[in-house]
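Undergrad: Got a file for you: input-v9.cif, mmCIF, C-alpha atoms.
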data_data
#
loop_
_atom_site.label_atom_id
_atom_site.label_comp_id
_atom_site.auth_asym_id
_atom_site.auth_seq_id
_atom_site.Cartn_x
_atom_site.Cartn_y
_atom_site.Cartn_z
CA MET A 25 95.74 47.32 -22.05
CA HIS A 26 94.89 50.55 -20.21
CA ALA A 27 97.38 51.55 -17.56
CA ASP A 28 94.67 51.69 -14.88
CA ALA A 29 93.02 48.36 -15.80
CA THR A 30 93.25 45.66 -13.14
CA VAL A 31 95.66 42.96 -14.25
CA LEU A 32 95.74 40.81 -11.11
CA ASP A 33 93.38 40.55 -8.17
CA VAL A 34 94.18 38.22 -5.26
CA ASP A 35 91.37 38.02 -2.73
CA ARG A 36 92.02 36.56 0.76
CA VAL A 37 94.12 33.71 -0.56
CA SER A 38 95.36 31.02 1.82
CA ARG A 39 97.34 27.83 1.31
CA ARG A 40 97.75 25.06 3.82
CA PHE A 41 100.24 22.19 3.70
CA GLY A 42 98.99 19.74 6.31
CA GLY A 43 99.28 21.58 9.62
CA LEU A 44 101.27 24.48 8.14
CA LEU A 45 99.43 27.56 6.95
CA ALA A 46 102.02 28.90 4.48
CA VAL A 47 99.86 31.75 3.13
CA ASP A 48 97.15 33.20 5.35
CA GLY A 49 94.49 35.53 3.92
CA VAL A 50 96.62 37.57 1.51
CA SER A 51 94.92 40.12 -0.73
CA LEU A 52 96.55 42.34 -3.35
CA SER A 53 95.72 44.08 -6.60
CA VAL A 54 97.97 45.03 -9.51
CA ALA A 55 97.03 47.36 -12.38
CA GLY A 56 98.70 47.83 -15.74
CA GLY A 57 102.09 49.49 -15.27
CA ASP A 58 102.12 48.80 -11.52
CA ARG A 59 105.31 47.58 -9.85
CA LEU A 60 104.58 45.80 -6.59
CA ALA A 61 107.22 44.17 -4.41
CA VAL A 62 106.39 41.37 -1.97
CA ILE A 63 108.98 41.30 0.80
CA GLY A 64 109.44 39.32 3.98
CA PRO A 65 111.95 37.20 5.87
CA ASN A 66 112.71 33.60 4.92
CA GLY A 67 109.64 31.43 5.41
CA ALA A 68 107.24 34.36 5.05
CA GLY A 69 105.27 32.64 2.26
CA LYS A 70 106.46 34.78 -0.64
CA THR A 71 107.27 31.99 -3.09
CA THR A 72 104.15 30.02 -2.16
CA LEU A 73 102.10 33.14 -2.94
CA PHE A 74 103.81 33.43 -6.33
CA ARG A 75 103.09 29.80 -7.11
CA LEU A 76 99.42 30.37 -6.27
CA ILE A 77 99.31 33.37 -8.61
CA ALA A 78 101.15 31.52 -11.40
CA GLY A 79 98.84 28.49 -11.17
CA GLU A 80 101.42 25.98 -9.93
CA LEU A 81 99.42 25.56 -6.72
CA ARG A 82 95.74 25.91 -5.92
CA PRO A 83 94.67 27.92 -2.89
CA THR A 84 93.03 26.27 0.08
CA ALA A 85 90.79 29.34 0.31
CA GLY A 86 90.32 32.61 -1.55
CA SER A 87 90.44 33.47 -5.25
CA VAL A 88 92.78 34.70 -7.99
CA SER A 89 91.63 36.73 -11.00
CA LEU A 90 93.65 37.69 -14.09
CA PHE A 91 92.45 40.43 -16.42
CA GLY A 92 89.00 40.28 -14.82
CA ARG A 93 88.60 36.49 -15.15
CA ASP A 94 88.57 34.05 -12.26
CA VAL A 95 91.54 31.69 -12.70
CA THR A 96 91.57 30.18 -9.20
CA ARG A 97 91.40 26.66 -10.59
CA ALA A 98 93.03 27.34 -13.96
CA PRO A 99 96.39 25.62 -14.68
CA ALA A 100 99.65 27.50 -15.18
CA HIS A 101 99.74 27.09 -18.98
CA ARG A 102 96.32 28.73 -19.34
CA ARG A 103 97.41 31.71 -17.26
CA ALA A 104 100.55 32.00 -19.37
CA ARG A 105 98.46 32.15 -22.55
CA MET A 106 96.39 34.92 -20.96
CA GLY A 107 99.50 37.10 -20.56
CA LEU A 108 101.30 36.05 -17.38
CA SER A 109 105.01 35.25 -17.46
CA ARG A 110 107.47 34.53 -14.67
CA THR A 111 111.08 33.86 -13.79
CA PHE A 112 112.32 31.45 -11.13
CA GLN A 113 114.77 31.50 -8.22
CA VAL A 114 116.66 28.66 -9.95
CA SER A 115 117.53 29.29 -13.60
CA ASN A 116 115.16 27.51 -15.97
CA LEU A 117 117.19 27.59 -19.21
CA PHE A 118 118.50 25.25 -21.92
CA PRO A 119 122.27 25.27 -21.25
CA ALA A 120 123.31 23.40 -24.40
CA LEU A 121 121.52 25.87 -26.70
CA THR A 122 122.60 29.37 -27.63
CA VAL A 123 121.27 32.54 -26.09
CA GLU A 124 119.32 33.34 -29.26
CA GLU A 125 117.85 29.82 -29.47
CA ASN A 126 116.57 30.09 -25.89
CA VAL A 127 114.75 33.33 -26.68
CA ARG A 128 113.22 31.84 -29.83
CA LEU A 129 111.97 28.80 -27.94
CA ALA A 130 110.31 31.07 -25.38
CA ALA A 131 108.54 32.96 -28.17
CA TYR A 132 107.40 29.74 -29.87
CA GLY A 133 105.89 28.50 -26.61
CA ARG A 134 103.10 31.07 -26.70
CA ASP A 135 102.60 31.19 -30.48
CA ARG A 136 99.47 29.27 -31.48
CA ARG A 137 101.07 28.53 -34.87
CA ARG A 138 104.02 26.67 -33.34
CA TRP A 139 102.81 23.28 -34.60
CA ARG A 140 102.87 24.33 -38.26
CA PHE A 141 105.50 22.56 -40.32
CA TRP A 142 105.89 25.38 -42.86
CA TRP A 143 106.62 28.95 -41.78
CA PRO A 144 106.80 31.95 -44.15
CA LEU A 145 110.25 33.52 -44.37
CA SER A 146 108.78 36.89 -43.40
CA ARG A 147 107.67 35.35 -40.10
CA ARG A 148 111.16 34.07 -39.37
CA ASP A 149 112.65 37.49 -40.21
CA GLU A 150 110.17 39.12 -37.86
CA GLU A 151 111.11 36.74 -35.05
CA SER A 152 114.81 37.34 -35.63
CA ARG A 153 114.29 41.09 -35.33
CA ARG A 154 112.20 40.67 -32.19
CA GLY A 155 114.78 38.37 -30.65
CA ALA A 156 117.57 40.83 -31.44
CA GLU A 157 115.59 43.66 -29.80
CA LEU A 158 115.01 41.64 -26.65
CA LEU A 159 118.64 40.59 -26.36
CA ALA A 160 119.75 44.19 -26.86
CA ARG A 161 117.37 45.31 -24.10
CA ALA A 162 118.80 42.61 -21.83
CA GLY A 163 122.39 43.62 -22.63
CA LEU A 164 123.11 40.31 -24.35
CA ASP A 165 123.24 41.31 -28.01
CA ARG A 166 126.96 40.43 -28.21
CA ARG A 167 126.33 37.06 -26.57
CA ARG A 168 123.54 35.85 -28.85
CA GLY A 169 125.65 33.04 -30.33
CA ALA A 170 127.11 31.86 -27.03
CA ARG A 171 125.87 28.68 -25.35
CA VAL A 172 123.92 29.39 -22.17
CA ALA A 173 126.33 27.17 -20.21
CA GLU A 174 129.06 29.73 -20.97
CA LEU A 175 127.15 32.66 -19.45
CA SER A 176 127.80 34.08 -16.01
CA HIS A 177 125.05 33.74 -13.41
CA GLY A 178 124.10 37.38 -13.89
CA GLU A 179 123.88 36.98 -17.67
CA GLN A 180 121.63 33.97 -17.20
CA ARG A 181 119.29 36.12 -15.10
CA GLN A 182 119.27 38.73 -17.87
CA LEU A 183 118.43 36.01 -20.39
CA GLU A 184 115.56 34.74 -18.24
CA ILE A 185 113.99 38.19 -18.35
CA ALA A 186 114.46 38.38 -22.13
CA MET A 187 112.76 34.99 -22.46
CA ALA A 188 109.89 36.11 -20.25
CA LEU A 189 109.42 39.21 -22.40
CA ALA A 190 109.47 37.08 -25.57
CA THR A 191 106.05 35.70 -24.65
CA GLY A 192 104.55 39.20 -24.79
CA PRO A 193 103.26 39.31 -21.21
CA ASP A 194 101.04 41.92 -19.56
CA LEU A 195 102.06 40.69 -16.09
CA LEU A 196 105.61 39.65 -15.18
CA LEU A 197 106.41 37.78 -11.96
CA LEU A 198 110.04 38.02 -10.85
CA ASP A 199 110.94 35.49 -8.15
CA GLU A 200 114.04 36.75 -6.29
CA PRO A 201 115.90 37.72 -9.49
CA PHE A 202 118.94 38.94 -7.54
CA ALA A 203 119.48 35.70 -5.62
CA GLY A 204 123.09 34.54 -5.92
CA LEU A 205 124.29 37.55 -7.92
CA SER A 206 127.60 39.24 -7.20
CA ALA A 207 127.89 42.88 -6.14
CA ALA A 208 128.96 43.77 -9.71
CA GLU A 209 126.03 41.91 -11.33
CA ARG A 210 123.25 43.39 -9.19
CA PRO A 211 123.31 46.95 -10.62
CA VAL A 212 123.19 45.59 -14.18
CA LEU A 213 120.08 43.54 -13.48
CA GLY A 214 118.54 46.40 -11.51
CA GLU A 215 118.87 48.75 -14.48
CA LEU A 216 117.35 46.12 -16.77
CA ILE A 217 114.29 45.80 -14.52
CA ARG A 218 113.94 49.59 -14.30
CA SER A 219 114.07 49.82 -18.12
CA LEU A 220 111.17 47.40 -18.70
CA PRO A 221 108.17 48.88 -20.56
CA ASP A 222 106.08 51.30 -18.49
CA GLY A 223 102.82 49.51 -19.32
CA LEU A 224 104.07 46.12 -18.10
CA ALA A 225 102.76 45.15 -14.66
CA ILE A 226 105.49 43.66 -12.46
CA LEU A 227 105.15 41.67 -9.26
CA LEU A 228 108.54 41.17 -7.61
CA ILE A 229 109.61 38.90 -4.76
CA GLU A 230 112.88 39.99 -3.22
CA HIS A 231 114.64 39.18 0.04
CA ASP A 232 116.93 42.21 -0.27
CA ILE A 233 114.73 44.98 1.10
CA GLY A 234 116.82 47.85 -0.25
CA LEU A 235 116.60 46.53 -3.81
CA ALA A 236 112.87 45.88 -3.57
CA LEU A 237 112.15 49.38 -2.28
CA SER A 238 114.28 50.95 -5.02
CA LEU A 239 112.54 49.11 -7.86
CA CYS A 240 108.84 49.23 -7.02
CA HIS A 241 106.06 51.78 -6.49
CA ARG A 242 104.25 49.78 -3.83
CA VAL A 243 105.33 47.15 -1.32
CA LEU A 244 103.57 44.36 0.61
CA CYS A 245 105.33 42.82 3.59
CA LEU A 246 104.52 39.26 4.66
CA ASP A 247 105.52 37.55 7.89
CA ARG A 248 104.66 33.92 8.62
CA GLY A 249 102.27 33.89 5.68
CA ARG A 250 100.29 36.94 6.79
CA PRO A 251 100.32 40.49 5.41
CA VAL A 252 101.68 42.81 8.11
CA ALA A 253 102.07 46.10 6.22
CA SER A 254 101.68 47.66 2.78
CA GLY A 255 102.38 51.04 1.24
CA THR A 256 104.92 53.12 -0.62
CA PRO A 257 108.65 52.48 -0.19
CA ASP A 258 108.94 55.50 2.12
CA GLU A 259 106.02 54.31 4.23
CA MET A 260 107.54 50.86 4.53
CA ARG A 261 110.92 52.25 5.60
CA ALA A 262 109.18 54.01 8.49
CA ASP A 263 106.88 51.13 9.48
CA GLU A 264 107.88 49.49 12.76
CA ARG A 265 106.01 46.30 11.82
CA VAL A 266 108.30 45.87 8.82
CA HIS A 267 111.38 46.48 10.95
CA ALA A 268 110.15 43.90 13.46
CA ALA A 269 109.57 41.31 10.72
CA PHE A 270 113.16 41.67 9.50
CA LEU A 271 114.72 42.02 12.96
CA GLY A 272 116.71 45.10 12.16
CA GLN A 273 117.85 44.25 8.62
CA ARG A 274 119.01 47.45 6.89
CA MET A 275 116.27 49.18 4.86
#
Rewrite the structure of this file - the entire thing - as structure tokens.
TA:
Amino acid sequence: MHADATVLDVDRVSRRFGGLLAVDGVSLSVAGGDRLAVIGPNGAGKTTLFRLIAGELRPTAGSVSLFGRDVTRAPAHRRARMGLSRTFQVSNLFPALTVEENVRLAAYGRDRRRWRFWWPLSRRDEESRRGAELLARAGLDRRRGARVAELSHGEQRQLEIAMALATGPDLLLLDEPFAGLSAAERPVLGELIRSLPDGLAILLIEHDIGLALSLCHRVLCLDRGRPVASGTPDEMRADERVHAAFLGQRM
């Protein structure tokens, strides 16, 4: 995919839950290699917006396009097959399996040949090499045989990113990846996110403004479901509307 090709286009999307308008007329565009952070205080509509993009919810109004195709009414699994992958605020792993087994399962999930009973040995060797590369990138190569239940919270976050990469995405959604991490774990995960392939488009939700501004090229600020400001990290640091939305939180 060309670096300047549009990966995601969200056009005036809204989502209503009864009398609550959780997302109100949000538009954004992400190109290949882009890193866009969506920030905002609690209740700003960030996670609802992610769920609309991922296909877990349908918008009340507006449209969502992936790779130039309208997917507004397409389910999550179809969007995943098109090249979208995401992580969650709450870990979505298999705790009784090993680290390596979790990565392999993630890779199988997108492979159209997963229902075949017989697999050539060369294919299994290829998957083993790919899994080893992903775990090394995530800093988990020495933990590949450990059960997920034995990992620290930070290591589980690293594994989630490795599993997301195993599907070969062109667009990666990261939903508050730093939530619940210790001060020692945050820099490790930050470096992992910075090291992700340049051509991979990333859309990041993060409540910690300083982290979001340090990781992304562009930033969109939501407040009460509405976009209030967008721009570069430096522009957002100087924007009084952003300061007002966070009521003085350090930026």
Undergrad: I'd like the residues picked by the PyMOL selection byres ((chain A and resi 70-76) around 10) written out as number ranges by chain, using the chain letters and numbers from the file.
TA: A: 34, 37-39, 46-48, 50, 62-69, 77-84, 87-88, 96-97, 100, 110, 112-113, 197-200, 227-231, 245-250
Undergrad: Evaluate the PyMOL selection byres ((chain A and resi 160) around 12) and record the selected residues as number ranges by chain, following the chain and residue labels used in the document.
TA: A: 123-124, 127, 153-159, 161-168, 182-183, 185-186, 216, 219
Undergrad: Would you export the selected residues with C-alpha atoms as a JSON list (two decimals), in the frame of the given file, please?
TA:
[["chain", "number", "residue", "atom", "x", "y", "z"],
["A", 123, "VAL", "CA", 121.27, 32.54, -26.09],
["A", 124, "GLU", "CA", 119.32, 33.34, -29.26],
["A", 127, "VAL", "CA", 114.75, 33.33, -26.68],
["A", 153, "ARG", "CA", 114.29, 41.09, -35.33],
["A", 154, "ARG", "CA", 112.20, 40.67, -32.19],
["A", 155, "GLY", "CA", 114.78, 38.37, -30.65],
["A", 156, "ALA", "CA", 117.57, 40.83, -31.44],
["A", 157, "GLU", "CA", 115.59, 43.66, -29.80],
["A", 158, "LEU", "CA", 115.01, 41.64, -26.65],
["A", 159, "LEU", "CA", 118.64, 40.59, -26.36],
["A", 161, "ARG", "CA", 117.37, 45.31, -24.10],
["A", 162, "ALA", "CA", 118.80, 42.61, -21.83],
["A", 163, "GLY", "CA", 122.39, 43.62, -22.63],
["A", 164, "LEU", "CA", 123.11, 40.31, -24.35],
["A", 165, "ASP", "CA", 123.24, 41.31, -28.01],
["A", 166, "ARG", "CA", 126.96, 40.43, -28.21],
["A", 167, "ARG", "CA", 126.33, 37.06, -26.57],
["A", 168, "ARG", "CA", 123.54, 35.85, -28.85],
["A", 182, "GLN", "CA", 119.27, 38.73, -17.87],
["A", 183, "LEU", "CA", 118.43, 36.01, -20.39],
["A", 185, "ILE", "CA", 113.99, 38.19, -18.35],
["A", 186, "ALA", "CA", 114.46, 38.38, -22.13],
["A", 216, "LEU", "CA", 117.35, 46.12, -16.77],
["A", 219, "SER", "CA", 114.07, 49.82, -18.12]]
Undergrad: Would you work out the distance separating atom CA of A:Met106 from atom CA of A:Leu195, expressed in Å to one decimal?
TA: 9.4 Å
Undergrad: Check the smallest atom-to-atom distance from each of A:Leu239, A:Ala61, A:Ala170, A:Leu90 to A:Thr122 using only C-alpha atoms, then report the winner.
TA: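 Of A:Leu239, A:Ala61, A:Ala170, A:Leu90, the one nearest A:Thr122 is A:Ala170, counting only C-alpha atoms.
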Undergrad: Take every atom of stretch 170-177 of chain A listed in the file, fit an axis-aligned box around them, add 5 Å per side, and give the centre and edge lengths in Å to one decimal as lines of an AutoDock Vina configuration file.
TA:
center_x = 126.5
center_y = 30.6
center_z = -20.2
size_x = 15.1
size_y = 16.9
size_z = 23.6
Undergrad: Find the distance between atom CA of A:Ser89 and atom CA of A:Val31 and write it in Å to one decimal.
TA: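 Interatomic distance here is 8.1 Å.
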Undergrad: To one decimal in Å, tell me the separation between atom CA of A:Pro257 and atom CA of A:Thr30.
TA: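 Separation between atom CA of A:Pro257 and atom CA of A:Thr30: 21.2 Å.
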Undergrad: Taking into account only C-alpha atoms, which residue in the set A:Ala253, A:Pro119, A:Leu205, A:Phe91 is nearest to A:Arg103?
TA: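 Using only C-alpha atoms, A:Arg103 sits closest to A:Phe91.
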Undergrad: Considering only C-alpha atoms, return as a list in words whatever protein or nucleic-acid residues lie within 8 Å of A:Leu52, sequence-local ones (same chain, fewer than 6 positions apart) excluded.
TA: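 Answer for this query is Leu32, Asp33, Val34 and Asp35 of chain A.
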Undergrad: What does the PyMOL selection byres ((chain A and resi 213) around 8) select in this file, as a PyMOL selection string?
TA: chain A and resi 178+181-182+202+209-212+214-217
